[in-house]
Each structure stands twice: as structure tokens, then as C-alpha cells.
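The file input_18.cif contains mmCIF, C-alpha atoms:
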data_upload
loop_
_atom_site.label_atom_id
_atom_site.label_comp_id
_atom_site.auth_asym_id
_atom_site.auth_seq_id
_atom_site.Cartn_x
_atom_site.Cartn_y
_atom_site.Cartn_z
CA MET A 1 73.34 71.68 -55.94
CA ILE A 2 75.40 72.56 -52.88
CA ALA A 3 74.49 75.88 -51.24
CA ILE A 4 77.38 77.82 -49.68
CA VAL A 5 75.69 80.13 -47.19
CA ASP A 6 76.95 83.73 -47.45
CA TYR A 7 76.08 85.72 -44.31
CA GLY A 8 78.87 88.25 -44.74
CA ALA A 9 81.57 86.51 -42.67
CA GLY A 10 84.72 86.77 -44.73
CA ASN A 11 85.92 85.60 -48.06
CA LEU A 12 84.09 82.63 -49.61
CA ASN A 13 86.10 82.49 -52.84
CA SER A 14 88.44 79.71 -51.82
CA VAL A 15 85.61 77.49 -50.50
CA LYS A 16 83.71 77.88 -53.76
CA LYS A 17 86.84 77.33 -55.84
CA ALA A 18 87.67 74.02 -54.13
CA PHE A 19 84.19 72.54 -54.72
CA THR A 20 84.28 73.75 -58.33
CA TRP A 21 87.74 72.18 -58.81
CA LEU A 22 86.29 68.86 -57.59
CA GLY A 23 83.57 69.12 -60.23
CA PHE A 24 80.55 69.85 -57.98
CA THR A 25 77.95 72.52 -58.66
CA VAL A 26 77.80 75.14 -55.93
CA SER A 27 75.85 78.29 -55.37
CA VAL A 28 77.14 80.99 -53.02
CA THR A 29 73.95 82.51 -51.70
CA THR A 30 72.45 85.05 -49.32
CA GLN A 31 68.90 83.75 -50.06
CA PRO A 32 67.04 81.38 -47.69
CA GLU A 33 65.09 80.01 -50.71
CA VAL A 34 68.31 78.86 -52.39
CA VAL A 35 69.37 77.13 -49.17
CA ALA A 36 65.96 75.44 -49.03
CA ALA A 37 66.32 74.19 -52.61
CA ALA A 38 69.85 72.78 -52.13
CA ASP A 39 70.75 69.08 -51.72
CA LYS A 40 73.58 69.89 -49.36
CA ILE A 41 74.46 72.91 -47.23
CA VAL A 42 77.88 74.36 -46.45
CA LEU A 43 78.21 77.00 -43.73
CA PRO A 44 81.69 78.56 -43.94
CA GLY A 45 82.94 81.57 -42.03
CA VAL A 46 86.04 83.12 -40.61
CA GLY A 47 86.23 85.89 -38.08
CA HIS A 48 84.28 86.83 -34.98
CA PHE A 49 81.49 84.67 -33.50
CA SER A 50 79.24 87.76 -33.51
CA ALA A 51 79.20 87.58 -37.33
CA LEU A 52 76.78 84.67 -36.83
CA ALA A 53 74.13 87.18 -35.68
CA ALA A 54 73.59 87.97 -39.37
CA LEU A 55 72.64 84.35 -39.94
CA THR A 56 69.57 84.76 -37.73
CA GLN A 57 68.70 88.29 -38.88
CA THR A 58 68.63 87.29 -42.56
CA GLY A 59 66.43 84.23 -42.06
CA LEU A 60 69.30 82.01 -43.24
CA ALA A 61 69.56 80.25 -39.85
CA ASN A 62 65.97 78.99 -40.15
CA ALA A 63 66.57 77.77 -43.70
CA VAL A 64 69.70 75.91 -42.55
CA LEU A 65 67.95 74.39 -39.50
CA THR A 66 65.01 73.26 -41.66
CA GLY A 67 67.53 71.59 -43.99
CA LEU A 68 69.21 69.85 -41.05
CA ARG A 69 65.86 68.50 -39.81
CA SER A 70 65.08 67.15 -43.27
CA HIS A 71 68.39 65.20 -43.17
CA LYS A 72 70.28 67.18 -45.79
CA PRO A 73 74.04 66.71 -45.42
CA PHE A 74 75.47 69.81 -43.73
CA LEU A 75 79.11 70.89 -43.41
CA GLY A 76 80.13 73.71 -41.08
CA ILE A 77 83.64 75.06 -41.64
CA CYS A 78 85.56 76.95 -38.90
CA LEU A 79 83.02 79.45 -37.50
CA GLY A 80 80.35 77.35 -39.24
CA MET A 81 81.35 74.37 -37.09
CA GLN A 82 81.41 76.46 -33.91
CA TRP A 83 77.84 77.54 -34.70
CA LEU A 84 76.71 73.93 -34.05
CA PHE A 85 77.62 74.37 -30.36
CA GLU A 86 75.70 76.33 -27.71
CA GLY A 87 77.76 79.49 -28.02
CA SER A 88 81.19 81.02 -27.65
CA GLU A 89 83.07 83.04 -25.05
CA GLU A 90 83.87 85.34 -27.98
CA ALA A 91 80.32 86.72 -28.04
CA HIS A 92 78.22 85.85 -24.99
CA ASP A 93 75.07 87.46 -26.39
CA ILE A 94 75.02 85.37 -29.58
CA ALA A 95 73.56 81.86 -29.30
CA GLY A 96 74.79 78.98 -31.39
CA ALA A 97 72.45 76.34 -32.81
CA GLY A 98 72.91 74.20 -29.67
CA ILE A 99 72.93 70.96 -31.65
CA LEU A 100 76.14 69.95 -29.88
CA PRO A 101 76.77 70.55 -26.16
CA GLY A 102 79.31 73.03 -24.83
CA VAL A 103 80.66 76.51 -25.42
CA CYS A 104 83.68 77.52 -27.53
CA ALA A 105 86.58 78.95 -25.50
CA LYS A 106 89.68 81.02 -26.23
CA PHE A 107 93.10 79.37 -26.37
CA PRO A 108 95.14 80.05 -23.22
CA THR A 109 97.79 82.78 -23.29
CA ALA A 110 100.51 80.13 -22.90
CA VAL A 111 100.31 79.60 -26.69
CA LYS A 112 100.42 82.14 -29.53
CA VAL A 113 96.92 83.11 -30.61
CA PRO A 114 95.60 82.73 -33.29
CA HIS A 115 96.45 79.07 -33.82
CA VAL A 116 97.79 79.40 -37.37
CA GLY A 117 99.28 76.64 -39.46
CA TRP A 118 99.25 72.93 -40.13
CA ASN A 119 98.38 70.63 -37.25
CA SER A 120 97.79 66.87 -37.20
CA LEU A 121 94.51 65.10 -36.51
CA ALA A 122 93.95 62.15 -34.19
CA THR A 123 91.16 60.40 -36.04
CA LYS A 124 88.55 57.89 -34.83
CA PRO A 125 88.04 54.92 -37.17
CA SER A 126 84.31 55.71 -37.25
CA SER A 127 84.85 58.98 -39.15
CA ARG A 128 83.05 59.07 -42.49
CA LEU A 129 84.57 62.40 -43.56
CA LEU A 130 88.16 61.27 -43.06
CA ARG A 131 87.75 57.87 -44.70
CA GLY A 132 90.66 57.02 -46.98
CA LEU A 133 93.10 59.36 -45.23
CA THR A 134 95.98 58.35 -42.97
CA GLU A 135 95.33 58.17 -39.21
CA HIS A 136 97.11 61.50 -38.62
CA PRO A 137 96.65 63.74 -41.64
CA PHE A 138 97.78 67.38 -41.52
CA VAL A 139 95.23 70.17 -41.97
CA TYR A 140 95.44 73.97 -42.02
CA TYR A 141 94.00 75.99 -39.14
CA THR A 142 93.52 79.67 -38.41
CA HIS A 143 91.38 80.41 -35.34
CA SER A 144 91.52 81.86 -31.82
CA PHE A 145 88.58 79.98 -30.23
CA TYR A 146 88.06 76.24 -30.07
CA ALA A 147 85.16 73.85 -29.53
CA PRO A 148 85.31 71.21 -26.76
CA VAL A 149 85.73 67.50 -27.45
CA VAL A 150 82.23 65.93 -27.33
CA ASP A 151 80.60 62.57 -28.11
CA SER A 152 80.23 63.54 -31.78
CA THR A 153 83.94 64.42 -32.13
CA THR A 154 85.53 62.11 -34.70
CA ALA A 155 88.94 63.79 -34.84
CA GLU A 156 90.78 66.07 -32.46
CA SER A 157 93.88 68.24 -32.53
CA ALA A 158 95.92 69.69 -29.68
CA TYR A 159 97.24 73.23 -29.30
CA GLY A 160 97.59 73.67 -25.58
CA PRO A 161 94.20 71.99 -24.92
CA ARG A 162 92.74 69.24 -27.09
CA PHE A 163 89.77 70.40 -29.14
CA SER A 164 87.20 69.21 -31.68
CA ALA A 165 88.74 69.17 -35.17
CA VAL A 166 85.92 67.20 -36.80
CA VAL A 167 82.39 66.51 -35.53
CA GLU A 168 79.95 64.13 -37.19
CA ARG A 169 76.39 63.25 -36.17
CA ASP A 170 74.01 61.70 -38.68
CA ASN A 171 73.78 64.22 -41.54
CA ILE A 172 75.65 66.93 -39.64
CA PHE A 173 79.38 67.50 -40.14
CA GLY A 174 81.74 70.19 -38.94
CA VAL A 175 85.45 70.90 -39.34
CA GLN A 176 87.39 73.52 -37.39
CA PHE A 177 90.21 73.67 -39.96
CA HIS A 178 90.02 74.87 -43.57
CA PRO A 179 89.68 71.86 -45.89
CA GLU A 180 89.80 74.20 -48.91
CA LYS A 181 93.33 75.20 -47.79
CA SER A 182 94.53 71.79 -46.57
CA GLY A 183 96.00 70.45 -49.80
CA GLU A 184 95.13 66.93 -50.96
CA ALA A 185 93.85 65.87 -47.50
CA GLY A 186 91.40 68.78 -47.52
CA LEU A 187 90.15 68.06 -51.02
CA SER A 188 89.57 64.42 -49.99
CA ILE A 189 87.42 65.61 -47.05
CA LEU A 190 85.34 67.90 -49.27
CA ARG A 191 84.89 65.11 -51.81
CA ALA A 192 83.73 62.72 -49.05
CA PHE A 193 81.16 65.30 -47.96
CA CYS A 194 79.93 65.91 -51.51
CA GLU A 195 79.49 62.18 -52.07
CA MET A 196 77.67 61.66 -48.75
CA PRO A 197 74.26 60.09 -49.38
CA PRO A 198 71.24 61.73 -47.76
CA CYS A 199 70.62 60.14 -44.32
CA MET B 1 101.18 69.16 -32.82
CA LEU B 2 101.37 72.47 -34.67
CA THR B 3 104.11 72.21 -37.28
CA LYS B 4 106.69 74.79 -38.32
CA ARG B 5 105.76 76.13 -41.73
CA ILE B 6 108.00 76.26 -44.79
CA ILE B 7 106.81 79.05 -47.06
CA ALA B 8 107.87 79.52 -50.68
CA CYS B 9 107.96 83.14 -51.80
CA LEU B 10 107.53 84.24 -55.39
CA ASP B 11 108.87 87.75 -56.02
CA MET B 12 107.10 88.93 -59.15
CA ASP B 13 108.22 91.64 -61.55
CA GLU B 14 106.23 92.39 -64.71
CA GLY B 15 104.33 89.10 -64.39
CA ARG B 16 107.46 86.92 -64.01
CA VAL B 17 109.01 85.40 -60.90
CA VAL B 18 112.41 87.00 -60.23
CA LYS B 19 115.02 86.93 -57.49
CA GLY B 20 117.65 89.47 -56.51
CA VAL B 21 120.41 89.78 -53.95
CA ARG B 22 119.85 92.31 -51.19
CA PHE B 23 116.80 93.52 -53.14
CA GLU B 24 118.88 94.18 -56.34
CA ASN B 25 120.20 92.47 -59.51
CA LEU B 26 117.01 90.61 -60.49
CA ARG B 27 117.17 87.21 -62.26
CA ASP B 28 114.25 85.51 -64.01
CA ALA B 29 112.95 82.38 -62.23
CA GLY B 30 109.80 81.49 -64.20
CA ASP B 31 106.02 81.76 -64.51
CA PRO B 32 104.14 82.36 -61.21
CA VAL B 33 101.54 79.62 -61.79
CA GLU B 34 104.11 76.99 -62.67
CA CYS B 35 106.33 78.00 -59.74
CA ALA B 36 103.43 77.99 -57.24
CA ARG B 37 102.14 74.58 -58.34
CA ALA B 38 105.61 73.05 -58.35
CA HIS B 39 106.31 74.32 -54.83
CA ALA B 40 102.92 73.07 -53.56
CA ARG B 41 103.58 69.62 -55.03
CA ASP B 42 107.01 69.63 -53.46
CA GLY B 43 105.53 70.18 -49.97
CA ALA B 44 105.40 73.96 -49.45
CA ASP B 45 103.03 74.76 -46.59
CA GLU B 46 102.10 78.13 -48.01
CA ILE B 47 102.79 80.36 -51.02
CA VAL B 48 103.52 84.09 -50.85
CA LEU B 49 103.40 86.16 -54.03
CA LEU B 50 105.00 89.60 -53.76
CA ASP B 51 104.74 92.11 -56.58
CA ILE B 52 108.05 93.88 -56.04
CA SER B 53 107.52 96.53 -58.71
CA ALA B 54 103.90 97.34 -57.84
CA THR B 55 104.75 100.80 -56.57
CA HIS B 56 105.87 101.87 -60.05
CA GLN B 57 103.20 100.08 -62.09
CA GLY B 58 99.46 99.47 -62.28
CA ARG B 59 97.78 96.66 -60.40
CA SER B 60 96.20 94.74 -63.30
CA MET B 61 99.18 92.48 -63.92
CA LEU B 62 99.27 91.42 -60.27
CA LEU B 63 95.52 90.72 -60.14
CA GLU B 64 95.65 88.60 -63.27
CA ALA B 65 98.54 86.55 -61.86
CA VAL B 66 96.76 86.20 -58.47
CA CYS B 67 93.67 84.82 -60.24
CA ARG B 68 95.69 82.32 -62.24
CA VAL B 69 97.65 81.09 -59.22
CA ALA B 70 94.62 80.95 -56.88
CA ARG B 71 92.57 78.81 -59.26
CA CYS B 72 94.84 75.78 -58.87
CA LEU B 73 96.26 76.27 -55.38
CA PHE B 74 94.69 74.58 -52.33
CA ILE B 75 97.12 75.70 -49.65
CA PRO B 76 97.19 79.17 -48.05
CA PHE B 77 98.05 81.93 -50.52
CA THR B 78 99.31 85.36 -49.44
CA VAL B 79 99.68 88.30 -51.81
CA GLY B 80 101.55 91.55 -51.27
CA GLY B 81 102.96 94.50 -53.11
CA GLY B 82 101.43 97.88 -53.74
CA ILE B 83 98.39 97.45 -51.47
CA ARG B 84 97.88 101.07 -50.39
CA GLN B 85 94.26 101.23 -49.30
CA LEU B 86 91.31 99.07 -48.33
CA SER B 87 90.00 98.96 -51.91
CA ASP B 88 93.33 97.50 -53.15
CA ALA B 89 93.03 94.76 -50.53
CA VAL B 90 89.42 94.05 -51.55
CA ALA B 91 90.53 93.59 -55.18
CA VAL B 92 93.34 91.21 -54.19
CA PHE B 93 90.98 89.12 -51.99
CA ASP B 94 88.43 89.06 -54.82
CA ALA B 95 91.14 87.76 -57.14
CA GLY B 96 91.61 84.78 -54.80
CA ALA B 97 94.17 85.63 -52.11
CA ASP B 98 93.59 84.22 -48.61
CA LYS B 99 95.79 86.80 -46.91
CA ILE B 100 97.30 90.09 -47.94
CA ALA B 101 100.73 91.38 -46.93
CA ILE B 102 101.14 95.10 -46.37
CA ASN B 103 104.41 96.89 -45.76
CA SER B 104 104.99 100.55 -46.73
CA ALA B 105 101.30 101.45 -46.64
CA ALA B 106 100.94 100.13 -43.07
CA VAL B 107 103.89 102.25 -41.90
CA ARG B 108 102.40 105.31 -43.58
CA ASP B 109 98.86 104.62 -42.36
CA PRO B 110 98.79 102.11 -39.45
CA GLU B 111 94.97 102.41 -39.39
CA LEU B 112 94.97 100.40 -42.63
CA ILE B 113 95.85 97.28 -40.61
CA SER B 114 92.73 97.62 -38.45
CA LYS B 115 90.54 98.51 -41.43
CA ILE B 116 91.48 95.38 -43.38
CA ALA B 117 91.32 93.21 -40.22
CA ALA B 118 87.83 94.52 -39.41
CA ARG B 119 86.59 93.59 -42.88
CA PHE B 120 88.40 90.29 -43.53
CA GLY B 121 89.61 89.16 -40.08
CA SER B 122 93.07 89.34 -38.52
CA GLN B 123 93.96 85.95 -39.96
CA ALA B 124 93.95 87.59 -43.40
CA VAL B 125 96.36 90.41 -42.53
CA VAL B 126 100.11 89.88 -42.67
CA VAL B 127 102.27 92.89 -41.85
CA ALA B 128 105.59 92.64 -43.69
CA ILE B 129 108.55 94.36 -42.08
CA ASP B 130 111.88 94.89 -43.84
CA ALA B 131 114.52 95.50 -41.19
CA ARG B 132 118.21 96.39 -41.36
CA ARG B 133 120.83 96.67 -38.60
CA THR B 134 121.54 100.37 -38.08
CA ASN B 135 123.70 101.60 -35.19
CA GLY B 136 123.15 98.48 -33.10
CA ALA B 137 119.37 98.42 -33.53
CA PHE B 138 116.96 97.15 -36.18
CA GLU B 139 115.43 99.87 -38.32
CA VAL B 140 112.36 99.53 -40.55
CA PHE B 141 112.80 100.29 -44.28
CA VAL B 142 109.95 100.86 -46.76
CA ALA B 143 109.41 101.16 -50.53
CA GLY B 144 111.15 97.86 -51.32
CA GLY B 145 113.96 98.54 -48.87
CA ARG B 146 114.85 101.91 -50.36
CA VAL B 147 113.64 104.34 -47.70
CA PRO B 148 114.41 104.28 -43.95
CA ALA B 149 111.17 104.72 -41.99
CA GLY B 150 112.81 106.02 -38.82
CA ARG B 151 111.14 103.31 -36.75
CA ASN B 152 112.41 100.46 -34.60
CA ALA B 153 111.42 97.07 -36.03
CA ILE B 154 110.52 95.47 -32.70
CA GLN B 155 108.29 98.37 -31.62
CA TRP B 156 106.64 98.50 -35.03
CA ALA B 157 105.91 94.75 -34.90
CA GLN B 158 104.25 95.24 -31.50
CA GLU B 159 102.15 98.10 -32.79
CA ALA B 160 101.13 96.12 -35.89
CA ALA B 161 100.04 93.19 -33.70
CA SER B 162 98.04 95.45 -31.41
CA ARG B 163 96.30 97.02 -34.43
CA GLY B 164 95.07 93.63 -35.62
CA ALA B 165 97.80 92.01 -37.72
CA GLY B 166 97.48 88.22 -37.70
CA GLU B 167 101.11 87.47 -38.57
CA ILE B 168 104.42 89.29 -39.02
CA LEU B 169 106.54 88.57 -42.10
CA LEU B 170 109.98 89.70 -40.98
CA THR B 171 112.72 90.13 -43.59
CA SER B 172 116.33 90.80 -42.73
CA MET B 173 117.58 93.08 -45.51
CA ASP B 174 121.16 92.37 -44.45
CA ARG B 175 120.65 88.66 -45.23
CA ASP B 176 118.19 88.82 -48.15
CA GLY B 177 119.38 86.61 -51.03
CA THR B 178 122.80 86.02 -49.45
CA ARG B 179 122.17 82.40 -48.36
CA SER B 180 124.24 83.11 -45.25
CA GLY B 181 121.55 82.12 -42.74
CA PHE B 182 118.56 83.87 -41.17
CA ASP B 183 119.16 86.71 -38.73
CA CYS B 184 118.19 84.69 -35.64
CA GLU B 185 118.71 87.59 -33.26
CA LEU B 186 116.24 89.80 -35.14
CA VAL B 187 113.69 86.99 -35.42
CA ARG B 188 114.00 86.06 -31.74
CA LEU B 189 113.59 89.65 -30.58
CA VAL B 190 110.42 90.14 -32.62
CA SER B 191 109.00 86.67 -31.97
CA ARG B 192 109.27 87.13 -28.19
CA ALA B 193 107.85 90.65 -28.35
CA VAL B 194 104.57 89.83 -30.14
CA PRO B 195 101.74 87.39 -29.32
CA ILE B 196 101.21 86.46 -33.01
CA PRO B 197 103.16 84.12 -35.34
CA VAL B 198 106.38 85.42 -36.93
CA ILE B 199 107.58 84.31 -40.37
CA ALA B 200 111.36 84.60 -40.73
CA SER B 201 112.70 85.69 -44.10
CA GLY B 202 116.02 86.61 -45.66
CA GLY B 203 119.18 84.51 -45.74
CA ALA B 204 117.98 80.89 -46.11
CA GLY B 205 120.81 78.82 -47.56
CA SER B 206 120.71 75.34 -46.05
CA ALA B 207 118.62 73.03 -43.86
CA ALA B 208 120.86 74.01 -40.93
CA ASP B 209 119.74 77.64 -41.34
CA PHE B 210 116.09 76.58 -40.98
CA ILE B 211 116.89 74.48 -37.90
CA ASP B 212 118.64 77.51 -36.36
CA VAL B 213 115.80 79.95 -37.01
CA PHE B 214 113.16 77.57 -35.63
CA ARG B 215 115.18 76.59 -32.54
CA ASP B 216 117.30 79.65 -31.80
CA GLY B 217 115.14 82.29 -33.48
CA SER B 218 111.76 81.00 -32.15
CA ALA B 219 110.29 81.45 -35.64
CA ASP B 220 106.84 79.98 -36.31
CA ALA B 221 107.47 79.78 -40.04
CA ALA B 222 110.36 80.39 -42.40
CA LEU B 223 110.20 81.75 -45.90
CA ALA B 224 112.63 81.38 -48.76
CA ALA B 225 112.69 82.16 -52.45
CA SER B 226 115.94 81.82 -54.33
CA ILE B 227 117.08 78.48 -52.89
CA PHE B 228 113.78 76.89 -53.92
CA HIS B 229 113.48 78.49 -57.37
CA PHE B 230 116.94 77.67 -58.58
CA GLY B 231 116.78 74.09 -57.32
CA ILE B 232 119.56 74.59 -54.75
CA GLN B 233 117.33 73.03 -52.13
CA SER B 234 114.12 71.12 -52.82
CA ILE B 235 111.36 71.69 -50.29
CA ALA B 236 110.80 67.94 -50.00
CA ASP B 237 114.46 67.29 -49.11
CA LEU B 238 114.46 70.22 -46.72
CA LYS B 239 111.35 69.03 -44.88
CA GLN B 240 112.71 65.52 -44.67
CA GLU B 241 115.90 66.84 -43.05
CA LEU B 242 114.00 69.04 -40.60
CA HIS B 243 111.68 66.14 -39.75
CA ALA B 244 114.74 63.94 -39.08
CA ALA B 245 116.07 66.71 -36.79
CA ASN B 246 112.83 66.36 -34.73
CA LEU B 247 111.29 69.65 -35.79
CA PRO B 248 107.50 69.33 -36.15
CA MET B 249 106.90 69.29 -39.92
CA ARG B 250 103.97 68.55 -42.20
CA TRP B 251 105.84 65.58 -43.58
CA PRO B 252 105.07 63.38 -45.41
CA CYS B 253 102.33 65.48 -46.96
#

Any chance you could put this one into C-alpha cells?
Amino acid sequence: MIAIVDYGAGNLNSVKKAFTWLGFTVSVTTQPEVVAAADKIVLPGVGHFSALAALTQTGLANAVLTGLRSHKPFLGICLGMQWLFEGSEEAHDIAGAGILPGVCAKFPTAVKVPHVGWNSLATKPSSRLLRGLTEHPFVYYTHSFYAPVVDSTTAESAYGPRFSAVVERDNIFGVQFHPEKSGEAGLSILRAFCEMPPC
Amino acid sequence: MLTKRIIACLDMDEGRVVKGVRFENLRDAGDPVECARAHARDGADEIVLLDISATHQGRSMLLEAVCRVARCLFIPFTVGGGIRQLSDAVAVFDAGADKIAINSAAVRDPELISKIAARFGSQAVVVAIDARRTNGAFEVFVAGGRVPAGRNAIQWAQEAASRGAGEILLTSMDRDGTRSGFDCELVRLVSRAVPIPVIASGGAGSAADFIDVFRDGSADAALAASIFHFGIQSIADLKQELHAANLPMRWPC
């Protein structure tokens, strides 16, 4: 079972619907015990970085971190990916998980913010999540803050600055875009995650 | 590179997709689920479903159609028509919409924009503006284009953005359904006045019209309905032409 962690940040319907369409069993949950019992963990989220405060308050952050340490495959989507970093300029008082180095920053005023629409990826051959896709697939974004390019970045996009589109480290995966809204390319990414063996 | 979006709009009346000219003389164009899936397969970057008769009828028909479309659609899906209060928006999101479009209700109660944005995020709030040239300026019309709102379209777009709208869906009533080209002047004025993306609507007739509105009108996205439904222009052919004209497109997709 794949646990989709519900900490109150936005609408989780479309994430659930995409996994269900692919034939995988998911449970949208607010309960740390359900997260602990899952084989894989998905942390979605749209909106403000401060929404992640609820993750800690509800005990869900601990359940997710325990899962990560026991090598369960983890996928952070949008805000869920940003959570892997140290923090965000969007909410200085809220700490991220600090698994990846760096702080998320706001797009410069030279471009329209939010970054909304389909942008292409520049993919590294080592990516496991993007296996089977073209080198520059298009994916759907909607966000105002971006994560820096780091060693674990396996695909990047550019909108003004270049930023992390996909991060992968051992059992930990993150995507800044919305795979559940990215057509066939997005469904392929979700399928690759679902079929990822435990590390 | 961020691409320019091509958005297919389904105007729905009594559960069927319809299309009129200048908001009148409706013609049947099919079932919403079949239309949405066909457009997605053809390369649409996004689907908008507008219930054009929602103000006169109940909401159940819309919600049922939203559910059916959302189940099999994996590209962004925006729903509008008859959303008057936060609870209406909640029901439409629950039915599977990714974004809601509000028009008349936002003019009447601009606070509604901030309320929905606070709950679901700005990225989920599209403010739709129907504008018509009146005495050398662009005036906002509400209630499906029937009632002048006494507001300037550019100023209203700025206010909507400052209250938390994530995108502006800007329809030229003068061009709607005429296939005579987008109103590039209107689109350019609004696009340069707001910091958020602007979707141009009304008047799409040919690939050249899309090139004009992206280049000359500074549009971030362009929406069309009738030319796609009646097979006058396939989205795939359109995107291929725009791609060949060096506009950033999600193509092939």
C-alpha cells in the first residue's frame, strides 16, 4: 500500500486518482500509523511552505522520517519535494527535513510568478524515475519558489534560474512539477516510482 | 523553456458541450467526457469546462460532469460557472477540478478570490473577465456577458491579481465565436499590467491568430472552443504550426 500523506496542504484528489488509474492501492491518510504501515510514501502538497508546519505538529513528519530511514521508497511532490531541503525563503521559521542541502528561493521579478505551465526537463541518464522517457519531456508546473540544483538533482528546468526538477538519492525521490497533471510523461514517472524496489 | 499553452474550452449547457457566437445561438458539440479526452489526446495543454447556464440551474449537473471528466484526465482541469461562494468552490474541487474559474461572483464579492486562494492556493484560482470595447475603453461584463459591471477590465485584472488570483482568463466579447482573431490590444494591456499569467480567449480562427496573440498580445496561454470542437483546426496541427513558427510549444507531446 502507498500512503499519500494528508497534512492539510491543498487538494489531494488528483494525486490519488492518478495512482488509482495506474492500478496501485493508495491510502490518503492523516494518521502516522498508516504511514508507518505503508510500503511507499508520497508527500504531496501545494501552497505555502508554512503548511509544512502541520507535518511536524501532527507527528506525520516523524512517521515519514522513520520510513525514509528504513529505506521505504519516498516521493515528494512540489512542496513535498521542497520539504527535503533545509528550508525556504517563503517561511524562514519553518525547517525542512534537511536531507538535501540548500534553501528554496523565490523566482526573480523578471519573470511572471507563479511559474505556471509546461516546461521541459534536462535529464541526466542516471535518473531512475525518468527511465523510458525522452531526454527532454514536458511536465506541468505551478509554483513560486524553487529548489537549488544539488548533487542529487537528476533533472533540471529553467525559468529565469535553473532549478531542481527531479531529485533522487537512494530511496528518496522528489519532483517539483505535478506528475499527476503531466499527461503520459507524468503517469510514466508515477509508475516508475510505484515499481521501485525497496533499497 | 516554459511553453505557451493551448487550452481547449468546453462550454457546457444542460450537460452537453455547446458553442455560440458572441455568447448567443448555441450549437451542440458533444459529450463533455468525450470532448475532453479527445482534446487531451490531440495535445491540449489544459481543459477548461464552463457551465454557461449555471446561474439559472442547480449545480448537480455540473458536479456530475466534473467527476466524469476528472476521472480520466491527467492534464490540468479548470471548472467555472455559477461558483458564488466558498462552499461552491469546495464542491467543485471535491468533484476533481484542479482550478476554479470565477467571474460574476468575484466582481460582486472580490473577497471571494482571497478566500478561495487562502484555502486552496492561488494556483487554483482563475479569475475570468469578459470584456467589451465601450467608448474607447474595455469594460467588464458579468452574468454571461449580459450585464455591464461598470468597471475597467485592466484595473479589475490588477485588483484580482492583488487579491490572490493565480491566472486571468480574459475573454473579448467582441471577438467571441467570430474566428476573426484575438483582441491583441486588450490582451497586451492586461498582460503587461499584471504579474500573473494571462489566458487569451475569444476570436481564435487560425494558427496565425495564435501566433499574433502570443507575440503581439504577450499572452501566456490561448484558449479556444469552437474551432477545436467542429474540427476546423485540430490542436495537433495547430501546435505543429506554432512549433514551426518558433513559438515554445509542448510538441511533440

Selection under test: the PyMOL selection byres ((chain A) within 9 of (chain B)); residues as a PyMOL selection string
chain A and resi 9-11+13-14+17-18+21+46-48+109+111-121+137-140+142-143+157-159+179-187

Point-to-point distance in Å for atom CA of B:Ala91 and atom CA of A:Arg191
29.2 Å

Can you give me, as number ranges by chain, the residues this file yields under the PyMOL selection byres ((chain A and resi 3) around 9)?
A: 1-2, 4-5, 25-29, 34-43

Decode the PyMOL selection byres ((chain A and resi 81) around 8) for the given file into explicit residues and return them as an MDAnalysis selection string.
chainID A and resid 43 75:80 82:85 173:176

Once you count all atoms listed in the file, which residues end up no further than 6 Å from (112.9, 83.7, -39.3) in the file's frame, shown as a ChimeraX atom specification?
/B:182,187,199-201,213,219,222

Using only C-alpha atoms for the distances, tell me which of A:Arg69, A:Gly102, A:Asp6, A:Leu12 is nearest to A:Leu55.
A:Asp6

Can you measure atom CA of B:Leu238 to atom CA of A:Tyr141 for me? One decimal in Å is fine.
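Taking atom CA of B:Leu238 as the start and atom CA of A:Tyr141 as the end point, the length is 22.6 Å.
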
Distance cut-off 6 Å, centre (109.4, 94.5, -44.3) in file coordinates, counting only C-alpha atoms: which residues qualify? Return them as a PyMOL selection string.
chain B and resi 103+128-130+170-171

Please determine an axis-aligned box that encloses all atoms of stretch 2-9 of chain B listed in the file, with 6 Å added on each side, and express its centre and edge lengths in Å to one decimal as lines of an AutoDock Vina configuration file.
center_x = 104.7
center_y = 77.7
center_z = -43.2
size_x = 18.6
size_y = 22.9
size_z = 29.1

What separation in Å, quoted to one decimal, exists between atom CA of B:Glu139 and atom CA of B:Leu62?
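Separation of atom CA of B:Glu139 and atom CA of B:Leu62: 28.5 Å.
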
List the spatial neighbours of B:Ile113 as a compact mmCIF listing (two decimals) with C-alpha atoms, in the frame of the given file - criterion: any atom at most 9 Å away, only C-alpha atoms, same-chain residues fewer than 4 positions off excluded.
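See part-v2.txt below for the written result:
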# COMPACT_ATOMS: atom_id res chain seq x y z
CA ILE B 102 101.14 95.10 -46.37
CA ALA B 106 100.94 100.13 -43.07
CA ASP B 109 98.86 104.62 -42.36
CA ALA B 117 91.32 93.21 -40.22
CA ALA B 118 87.83 94.52 -39.41
CA SER B 122 93.07 89.34 -38.52
CA VAL B 125 96.36 90.41 -42.53
CA VAL B 126 100.11 89.88 -42.67
CA VAL B 127 102.27 92.89 -41.85
CA ALA B 160 101.13 96.12 -35.89
CA ARG B 163 96.30 97.02 -34.43
CA GLY B 164 95.07 93.63 -35.62
CA ALA B 165 97.80 92.01 -37.72

Between A:Ala122, A:Ala97, A:Val166, A:Ile189, smallest distance to A:Thr66 by only C-alpha atoms belongs to A:Ala97

Residue neighbourhood A:Tyr7, 8 Å, only C-alpha atoms, exclusion window fewer than 3 positions, as a list in words
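Counting only C-alpha atoms, the residues come to Thr30, Ala51, Leu52, Ala54, Leu55, Thr58 and Leu60 of chain A.
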